[in-house]
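*Asks:* Contents of my_file15.cif (mmCIF, C-alpha atoms) are given next:
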data_coords
#
loop_
_atom_site.label_atom_id
_atom_site.label_comp_id
_atom_site.auth_asym_id
_atom_site.auth_seq_id
_atom_site.Cartn_x
_atom_site.Cartn_y
_atom_site.Cartn_z
CA GLY A 1 16.05 64.51 -70.81
CA ILE A 2 13.43 62.26 -72.28
CA ALA A 3 13.02 58.66 -71.17
CA PRO A 4 13.53 56.16 -74.00
CA GLY A 5 10.29 54.70 -75.33
CA LEU A 6 8.16 57.47 -73.85
CA ALA A 7 5.11 58.17 -75.99
CA PRO A 8 2.19 60.49 -75.24
CA ALA A 9 -1.18 58.92 -74.55
CA ARG A 10 -3.53 59.27 -77.50
CA LYS A 11 -6.81 59.41 -75.56
CA ALA A 12 -5.65 61.33 -72.48
CA HIS A 13 -7.65 64.50 -71.91
CA PRO A 14 -8.64 66.81 -69.07
CA GLY A 15 -11.94 66.19 -67.31
CA ILE A 16 -13.50 69.35 -65.91
CA ALA A 17 -16.33 69.34 -63.35
CA VAL A 18 -18.92 72.07 -63.91
CA SER A 19 -22.02 73.13 -61.99
CA ASP A 20 -24.42 72.90 -64.97
CA VAL A 21 -23.20 70.50 -67.65
CA GLU A 22 -26.46 70.76 -69.63
CA GLN A 23 -26.18 74.53 -69.97
CA LEU A 24 -22.51 74.30 -70.91
CA ALA A 25 -23.33 71.72 -73.60
CA GLU A 26 -25.84 74.17 -75.10
CA VAL A 27 -23.22 76.94 -75.16
CA VAL A 28 -20.58 74.66 -76.68
CA ALA A 29 -22.98 73.38 -79.35
CA GLY A 30 -24.12 76.94 -80.06
CA SER A 31 -20.53 77.90 -80.80
CA GLY A 32 -20.36 75.21 -83.47
CA ALA A 33 -18.18 72.77 -81.53
CA PRO A 34 -19.20 69.10 -81.36
CA VAL A 35 -20.95 67.74 -78.26
CA ALA A 36 -20.78 63.97 -77.76
CA TRP A 37 -22.62 62.71 -74.69
CA ASP A 38 -21.01 59.75 -72.93
CA GLU A 39 -23.27 57.49 -70.87
CA ASN A 40 -20.77 54.70 -70.17
CA ILE A 41 -20.69 55.43 -66.42
CA PRO A 42 -24.16 55.19 -64.82
CA GLY A 43 -25.05 58.28 -62.81
CA LEU A 44 -22.34 60.47 -64.36
CA ARG A 45 -23.59 63.11 -66.80
CA ARG A 46 -20.73 64.14 -69.10
CA PHE A 47 -19.85 65.05 -72.67
CA HIS A 48 -16.76 65.31 -74.83
CA THR A 49 -15.85 68.04 -77.27
CA THR A 50 -12.75 69.38 -78.98
CA ASP A 51 -11.10 72.77 -78.80
CA PRO A 52 -10.28 74.75 -81.96
CA VAL A 53 -6.97 72.91 -82.46
CA GLY A 54 -8.43 69.43 -81.94
CA ASN A 55 -7.64 68.68 -78.29
CA ARG A 56 -10.25 66.46 -76.63
CA LEU A 57 -12.02 67.90 -73.58
CA GLU A 58 -14.43 66.29 -71.14
CA PHE A 59 -16.97 68.19 -69.05
CA GLN A 60 -18.93 66.48 -66.29
CA GLN A 61 -21.61 67.44 -63.81
CA ALA A 62 -20.07 68.40 -60.46
#
So that I can check it, write out the structure of this file as structure tokens.

*Replies:*
Amino acid sequence: GIAPGLAPARKAHPGIAVSDVEQLAEVVAGSGAPVAWDENIPGLRRFHTTDPVGNRLEFQQA
């Protein structure tokens, strides 16, 4: 069953560690998808994008 009052998180998204986040950002941007760099955490290089159906994805340097 479903617990009463259960609602999905609006900003929840997978975070995926990759070996070369800069190169991946170039590939993503080259495909026409948005690339939004996030510098809120010092020392962590990461960006957000969306998949073709609008799901938010985060990629970060491993």

*Asks:* Between CA of Phe59 (chain A) and CA of Ala7 (chain A), what is the distance in Å, rounded to a tenth?

*Replies:*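 Computing it gives 25.2 Å between the two atoms.
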
*Asks:* Just give me the gap between CA of Leu24 (chain A) and CA of Ala36 (chain A) in Å, one decimal is fine.

*Replies:*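 Separating CA of Leu24 (chain A) from CA of Ala36 (chain A) is a distance of 12.5 Å.
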
*Asks:* Please, what distance in Å, to one decimal, runs between CA of Arg10 (chain A) and CA of Gln61 (chain A)?

*Replies:*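 CA of Gln61 (chain A) lies 24.1 Å from CA of Arg10 (chain A).
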
*Asks:* Near region 41-49 of chain A, counting only C-alpha atoms, which residues have an atom at most 8 Å away, once you skip same-chain residues fewer than 3 positions from it, shown as a list in words?

*Replies:* Val21, Ala25, Ala33, Pro34, Val35, Ala36, Trp37, Asp38, Arg56, Leu57, Glu58, Phe59, Gln60 and Gln61 of chain A

*Asks:* Care to translate the PyMOL selection byres ((chain A and resi 55) around 10) into actual residues of this file, as a PyMOL selection string?

*Replies:* chain A and resi 11-14+49-54+56-57

*Asks:* Using the file's own x, y and z axes, so that the box edges lie along x, y and z, what centre and edge lengths in Å (one decimal) does a box around every listed atom of region 24-37 of chain A get when 6 Å is added on each side? Give it as JSON.

*Replies:*
{"center_x": -22.0, "center_y": 70.3, "center_z": -77.2, "size_x": 19.7, "size_y": 27.2, "size_z": 24.6}
